[in-house]
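Q: Provided herewith: data_7.txt, compact mmCIF, C-alpha atoms and all ligand atoms.
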# COMPACT_ATOMS: atom_id res chain seq x y z
CA MET A 29 71.69 97.00 67.21
CA ASN A 30 74.17 97.56 70.06
CA TRP A 31 71.62 96.38 72.57
CA TYR A 32 71.06 93.24 70.51
CA ALA A 33 74.82 92.72 70.01
CA GLU A 34 75.81 93.32 73.62
CA LYS A 35 72.87 91.81 75.55
CA ILE A 36 70.67 89.48 73.51
CA PHE A 37 73.27 87.92 71.22
CA PRO A 38 75.69 86.93 74.05
CA TYR A 39 72.75 85.28 75.83
CA LEU A 40 71.90 83.31 72.67
CA VAL A 41 75.55 82.36 72.09
CA ASN A 42 75.77 81.14 75.67
CA ARG A 43 72.74 78.88 75.15
CA VAL A 44 73.97 77.48 71.82
CA CYS A 45 77.68 77.15 72.61
CA SER A 46 77.02 75.50 76.00
CA SER A 47 74.44 73.09 74.58
CA GLU A 48 75.04 69.37 74.82
CA LEU A 49 75.42 69.17 71.04
CA ALA A 50 78.11 71.87 70.89
CA MET A 51 79.95 70.64 73.99
CA GLN A 52 79.98 67.08 72.66
CA ILE A 53 82.09 68.08 69.67
CA LYS A 54 84.23 70.69 71.47
CA LYS A 55 85.14 67.95 73.97
CA LYS A 56 87.10 66.28 71.18
CA VAL A 57 89.67 69.10 71.02
CA VAL A 58 89.60 71.55 73.97
CA PRO A 59 90.81 69.05 76.63
CA LEU A 60 94.03 68.52 74.59
CA SER A 61 95.20 72.05 75.50
CA THR A 62 98.47 72.42 77.35
CA GLY A 63 100.70 75.23 78.67
CA LYS A 64 99.96 78.84 77.77
CA VAL A 65 96.64 78.77 75.95
CA LEU A 66 95.17 81.44 73.69
CA GLU A 67 91.44 81.03 73.14
CA ILE A 68 90.28 83.10 70.18
CA GLY A 69 86.73 84.43 70.55
CA MET A 70 86.34 83.07 74.07
CA GLY A 71 82.71 84.19 74.08
CA THR A 72 80.85 83.42 77.28
CA GLY A 73 83.52 81.01 78.55
CA ALA A 74 81.58 77.87 77.61
CA ASN A 75 84.83 75.96 77.05
CA LEU A 76 86.25 76.61 80.53
CA SER A 77 84.84 73.40 81.97
CA LEU A 78 86.57 71.36 79.24
CA TYR A 79 90.18 72.29 80.08
CA HIS A 80 92.32 70.11 82.33
CA GLN A 81 93.52 72.43 85.05
CA GLU A 82 96.73 70.44 85.65
CA LYS A 83 97.81 70.74 82.00
CA VAL A 84 97.06 74.44 81.47
CA GLU A 85 99.28 77.22 82.85
CA PHE A 86 96.75 80.00 82.09
CA ILE A 87 94.44 81.15 79.31
CA TRP A 88 94.62 84.35 77.31
CA GLY A 89 90.94 84.86 76.52
CA LEU A 90 90.73 86.99 73.41
CA GLU A 91 87.23 88.40 73.10
CA PRO A 92 86.31 91.74 71.47
CA SER A 93 82.70 91.86 72.74
CA ALA A 94 82.10 93.40 76.18
CA GLY A 95 78.69 91.67 76.31
CA MET A 96 80.33 88.25 75.87
CA ARG A 97 82.94 89.00 78.55
CA GLN A 98 80.17 90.07 80.90
CA GLN A 99 78.27 86.80 80.32
CA ALA A 100 81.51 84.90 81.00
CA ALA A 101 82.19 86.56 84.37
CA SER A 102 80.47 83.98 86.60
CA LYS A 103 82.22 81.06 84.85
CA LEU A 104 85.61 82.77 85.28
CA GLU A 105 84.95 83.25 89.00
CA LYS A 106 84.21 79.56 89.44
CA SER A 107 87.17 78.35 87.36
CA ASP A 108 90.48 77.24 88.87
CA ILE A 109 92.28 78.32 85.70
CA LEU A 110 93.44 81.92 85.43
CA VAL A 111 91.99 83.77 82.43
CA LYS A 112 93.67 86.96 81.20
CA TRP A 113 91.32 88.89 78.92
CA LEU A 114 92.61 90.35 75.67
CA GLU A 115 89.88 92.78 74.71
CA LEU A 116 90.71 92.88 71.00
CA PRO A 117 89.72 91.09 67.79
CA GLY A 118 91.69 88.13 66.44
CA GLU A 119 93.10 90.29 63.66
CA LYS A 120 95.12 92.18 66.33
CA ILE A 121 96.60 89.64 68.72
CA PRO A 122 98.77 91.66 71.17
CA LEU A 123 101.22 88.85 71.97
CA GLU A 124 104.85 88.19 71.07
CA ASN A 125 105.95 85.90 68.26
CA ASP A 126 106.23 82.19 69.21
CA SER A 127 104.74 82.71 72.66
CA VAL A 128 101.68 80.40 72.75
CA ASP A 129 101.60 76.61 73.32
CA THR A 130 97.98 76.01 72.33
CA ILE A 131 95.51 78.07 70.34
CA VAL A 132 91.86 77.11 70.75
CA LEU A 133 89.42 78.08 68.01
CA THR A 134 85.85 76.84 68.45
CA PHE A 135 82.87 78.19 66.50
CA THR A 136 84.73 81.47 65.96
CA LEU A 137 86.46 81.53 62.56
CA CYS A 138 83.02 81.81 60.97
CA SER A 139 82.54 85.23 62.64
CA ILE A 140 85.93 86.88 62.18
CA PRO A 141 85.59 89.49 59.41
CA ASP A 142 89.22 89.28 58.19
CA TRP A 143 89.83 85.55 58.65
CA LYS A 144 93.14 85.71 56.78
CA SER A 145 94.75 88.34 59.01
CA ALA A 146 93.45 86.56 62.10
CA LEU A 147 94.94 83.20 61.05
CA GLN A 148 98.20 84.90 60.09
CA GLN A 149 98.32 86.44 63.57
CA MET A 150 97.67 83.02 65.14
CA HIS A 151 100.48 81.58 63.02
CA ARG A 152 102.80 84.36 64.23
CA VAL A 153 102.16 83.89 67.97
CA LEU A 154 102.10 80.07 67.99
CA LYS A 155 105.34 78.38 69.12
CA PRO A 156 107.01 76.17 66.46
CA GLU A 157 106.08 73.10 68.53
CA GLY A 158 102.67 74.56 69.47
CA ARG A 159 99.26 73.35 68.35
CA LEU A 160 96.15 74.97 66.98
CA LEU A 161 93.08 73.01 68.15
CA PHE A 162 90.01 73.79 66.11
CA CYS A 163 86.35 72.89 65.95
CA GLU A 164 84.45 74.98 63.40
CA HIS A 165 81.39 74.67 61.23
CA GLY A 166 81.84 75.50 57.57
CA ARG A 167 81.40 74.73 53.90
CA ALA A 168 79.57 71.47 53.23
CA PRO A 169 80.83 68.98 50.62
CA GLU A 170 77.61 68.75 48.56
CA THR A 171 77.01 71.34 45.84
CA HIS A 172 73.32 71.74 46.64
CA VAL A 173 74.09 72.48 50.33
CA GLN A 174 76.88 74.89 49.33
CA LYS A 175 74.43 76.80 47.14
CA TRP A 176 72.12 77.35 50.12
CA GLN A 177 75.05 78.27 52.34
CA ASP A 178 76.12 80.93 49.80
CA ARG A 179 72.56 82.21 49.37
CA LEU A 180 71.77 82.46 53.07
CA THR A 181 75.09 83.79 54.42
CA PRO A 182 74.43 87.51 53.63
CA LEU A 183 71.18 87.43 55.64
CA TRP A 184 72.43 85.03 58.32
CA LYS A 185 75.44 87.28 59.02
CA LYS A 186 73.13 90.11 60.00
CA VAL A 187 71.40 88.23 62.81
CA SER A 188 74.23 86.02 64.01
CA GLY A 189 77.14 88.32 64.81
CA GLY A 190 78.74 88.10 61.37
CA CYS A 191 78.71 84.29 61.14
CA HIS A 192 79.45 82.87 57.66
CA LEU A 193 77.91 79.48 56.85
CA ASN A 194 80.16 78.81 53.88
CA ARG A 195 83.82 79.03 54.94
CA PRO A 196 86.12 76.15 53.86
CA ILE A 197 88.03 75.86 57.14
CA ASP A 198 90.73 73.38 56.06
CA GLN A 199 91.51 75.44 52.96
CA TYR A 200 91.86 78.63 55.02
CA LEU A 201 94.25 76.87 57.43
CA GLN A 202 96.38 75.64 54.54
CA GLU A 203 96.42 79.05 52.84
CA THR A 204 97.85 80.66 55.98
CA GLY A 205 100.64 78.15 56.48
CA PHE A 206 99.09 75.69 58.94
CA GLN A 207 99.47 71.94 58.49
CA CYS A 208 96.63 69.76 59.70
CA HIS A 209 97.90 66.67 61.54
CA HIS A 210 94.47 65.53 62.37
CA LEU A 211 91.34 66.61 60.53
CA GLU A 212 87.85 65.19 60.75
CA LYS A 213 84.87 66.44 58.81
CA THR A 214 81.37 65.34 59.66
CA TYR A 215 77.79 66.52 59.96
CA LEU A 216 76.56 67.28 63.44
CA GLU A 217 73.60 65.10 64.30
CA LYS A 218 70.34 67.00 64.75
CA ALA A 219 71.69 70.21 63.17
CA PRO A 220 70.55 71.66 59.84
CA ARG A 221 72.99 70.75 57.08
CA ILE A 222 73.70 74.37 56.15
CA ALA A 223 75.12 75.06 59.64
CA GLY A 224 76.12 71.61 60.79
CA TYR A 225 79.11 70.54 58.71
CA MET A 226 81.99 70.39 61.19
CA TYR A 227 85.72 70.56 60.73
CA TYR A 228 87.71 69.62 63.81
CA GLY A 229 91.24 68.59 64.61
CA GLU A 230 94.73 69.79 65.23
CA ALA A 231 97.19 71.85 63.18
CA SER A 232 100.67 73.29 63.61
CA LYS A 233 102.89 75.70 61.69
C1 LIG B 1 79.68 81.67 68.23
S1 LIG B 1 80.72 82.49 69.35
C2 LIG B 1 81.77 81.19 69.95
C3 LIG B 1 82.26 81.39 71.35
C4 LIG B 1 83.22 80.33 71.91
N1 LIG B 1 84.40 80.19 71.06
C5 LIG B 1 82.55 79.00 72.14
O1 LIG B 1 82.83 78.03 71.43
O2 LIG B 1 81.75 78.91 73.07
C6 LIG B 1 81.83 83.45 68.31
C7 LIG B 1 82.72 84.37 69.10
O3 LIG B 1 83.64 85.03 68.22
C8 LIG B 1 83.79 86.36 68.68
N2 LIG B 1 84.33 87.21 67.60
C9 LIG B 1 83.66 87.94 66.69
N3 LIG B 1 84.51 88.63 65.91
C10 LIG B 1 85.75 88.31 66.34
C11 LIG B 1 87.05 88.71 65.95
N4 LIG B 1 87.26 89.56 64.94
N5 LIG B 1 88.10 88.20 66.63
C12 LIG B 1 87.91 87.32 67.65
N6 LIG B 1 86.70 86.91 68.06
C13 LIG B 1 85.64 87.41 67.42
C14 LIG B 1 82.40 86.76 69.12
O4 LIG B 1 82.39 87.90 69.95
C15 LIG B 1 81.95 85.48 69.83
O5 LIG B 1 82.33 85.49 71.17
Let's see the structure in the file written out as structure tokens.
Ligand SMILES: C[S@@+](CC[C@H](N)C(=O)[O-])C[C@H]1O[C@@H](n2cnc3c(N)ncnc32)[C@H](O)[C@@H]1O
A:
Amino acid sequence: MNWYAEKIFPYLVNRVCSSELAMQIKKKVVPLSTGKVLEIGMGTGANLSLYHQEKVEFIWGLEPSAGMRQQAASKLEKSDILVKWLELPGEKIPLENDSVDTIVLTFTLCSIPDWKSALQQMHRVLKPEGRLLFCEHGRAPETHVQKWQDRLTPLWKKVSGGCHLNRPIDQYLQETGFQCHHLEKTYLEKAPRIAGYMYYGEASK
């Protein structure tokens, strides 16, 4: 399992999260980042090309998987933006209160085991005037799709690094004290409905 988790899965994530389809939707939020940025679940660094170098001071790249960080190495070398790795999960953000200007969360909340603690930690470290930029797949609006999302999640989690298909992203943000200023929900074109209902936008505390 470790071999799969540390070698094969990061390779697959790199392919999927750098695909045209994924980048198209991440482009709607990542370029809005400014100042000191904290990217949660930075993965293989697929978002690096979407930041505007002149608006970003540096990025804290929080990523618990060594395999993902390894896959990201070549992109970090080529980037003009400094990335400081935080080799911990989102439930344990080792930063001071009110210290981050922008938190970036793309295709990651689905995989964090304790989503509540992780969002509470993000709320703690975000500056009062800071922004959480998110782009996540989650619970679909139709009951028949939700049923399949609930049925398939236990199996899906096992092969996809703990990814849940059925998380209501906007509800989780609200429950942990975030206010969404901008929220769009839509199906990704060409993606299966169970995994393609997107929530993206901007929130603050
Ligand atoms: C599908 S990938 C998305 C990667 C990246 N955000 C992107 O959009 O290209 C999910 C990422 O979440 C990370 N992850 C898993 N559990 C986590 C946790 N508890 N805290 C933070 N990140 C986690 C995984 O290692 C993986 O890099």
Q: May I ask you to write as a VMD selection string all residues lying at most 7 Å from ligand LIG 1 (chain B), with all atoms listed in the file counted?
A: chain A and resid 41 to 42 45 to 46 68 to 75 90 to 93 96 116 to 119 133 to 136 139 to 141 189
Q: Restricting the calculation to only C-alpha atoms: of A:Asn194, A:Ser127, A:Leu40, A:Val153, which residue gets closest to Lys175 of chain A?
A: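 Of A:Asn194, A:Ser127, A:Leu40, A:Val153, the one nearest Lys175 of chain A, counting only C-alpha atoms, is A:Asn194.
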Q: Counting all atoms listed in the file, which residue out of A:Glu115, A:Glu105, A:Glu85, A:Asp198 sits closest to Phe162 of chain A?
A: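 Smallest distance to Phe162 of chain A is found for A:Asp198.
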Q: Please list, as JSON, numbers by chain, the residues that have an atom at most 12 Å away from (84.6, 81.8, 49.1) in the coordinates of this file, counting only C-alpha atoms.
A: {"A": [138, 143, 166, 167, 174, 175, 177, 178, 181, 192, 193, 194, 195, 196, 197, 199, 200]}
Q: Take atom CA of His210 of chain A and atom CA of Leu161 of chain A and report the distance between them in Å, one decimal.
A: 9.6 Å
Q: Residues within 12 Å of Glu230 of chain A, please, as a CSV table (one decimal) with C-alpha atoms, in the coordinates of the input. Count only C-alpha atoms; anything in the same chain fewer than 4 positions from it doesn't count.
A:
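For reference, result35.csv as written:
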chain,number,residue,atom,x,y,z
A,56,LYS,CA,87.1,66.3,71.2
A,57,VAL,CA,89.7,69.1,71.0
A,58,VAL,CA,89.6,71.6,74.0
A,60,LEU,CA,94.0,68.5,74.6
A,61,SER,CA,95.2,72.0,75.5
A,130,THR,CA,98.0,76.0,72.3
A,131,ILE,CA,95.5,78.1,70.3
A,132,VAL,CA,91.9,77.1,70.8
A,133,LEU,CA,89.4,78.1,68.0
A,134,THR,CA,85.8,76.8,68.4
A,158,GLY,CA,102.7,74.6,69.5
A,159,ARG,CA,99.3,73.4,68.4
A,160,LEU,CA,96.2,75.0,67.0
A,161,LEU,CA,93.1,73.0,68.2
A,162,PHE,CA,90.0,73.8,66.1
A,163,CYS,CA,86.4,72.9,66.0
A,164,GLU,CA,84.4,75.0,63.4
A,198,ASP,CA,90.7,73.4,56.1
A,201,LEU,CA,94.2,76.9,57.4
A,206,PHE,CA,99.1,75.7,58.9
A,207,GLN,CA,99.5,71.9,58.5
A,208,CYS,CA,96.6,69.8,59.7
A,209,HIS,CA,97.9,66.7,61.5
A,210,HIS,CA,94.5,65.5,62.4
A,211,LEU,CA,91.3,66.6,60.5
A,212,GLU,CA,87.8,65.2,60.8
Q: Please, what distance in Å, to one decimal, runs between atom CA of Ser47 of chain A and atom CA of Leu147 of chain A?
A: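 Atom CA of Leu147 of chain A lies at a distance of 26.6 Å from atom CA of Ser47 of chain A.
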Q: I'd like the interatomic distance between atom CA of Tyr32 of chain A and atom CA of Trp176 of chain A, to a tenth of an Å.
A: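 Separating atom CA of Tyr32 of chain A from atom CA of Trp176 of chain A is a distance of 25.9 Å.
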Q: Rank A:Gly205, A:Met226, A:Lys35, A:Ala231 by their smallest atom-to-atom distance to Gln99 of chain A, using only C-alpha atoms, and report the top residue only.
A: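 For Gln99 of chain A, the nearest of the candidates is A:Lys35.
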Q: Report, as JSON, the centre and edge lengths in Å (one decimal) of the axis-aligned box enclosing every listed atom of segment 66-84 of chain A, padded by 5 Å on each side.
A:
{"center_x": 89.3, "center_y": 77.3, "center_z": 77.9, "size_x": 27.0, "size_y": 24.3, "size_z": 25.5}
Q: Go through A:Ala219, A:Ala168, A:Ala33, A:Leu110 and flag the residue nearest Gln81 of chain A, using only C-alpha atoms for the distances.
A: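 The closest residue to Gln81 of chain A is A:Leu110.
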Q: Which one is closest to Ile87 of chain A: A:Glu157, A:Asp142, A:Glu48, A:Asp129? Count all atoms listed in the file.
A: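 Looking at the shortest contact to Ile87 of chain A, the residue is A:Asp129.
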Q: Pick out the closest residue to Gly229 of chain A from this set: A:His172, A:His151, A:Arg43, A:Lys54. Count only C-alpha atoms.
A: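 Of A:His172, A:His151, A:Arg43, A:Lys54, the one nearest Gly229 of chain A is A:Lys54, counting only C-alpha atoms.
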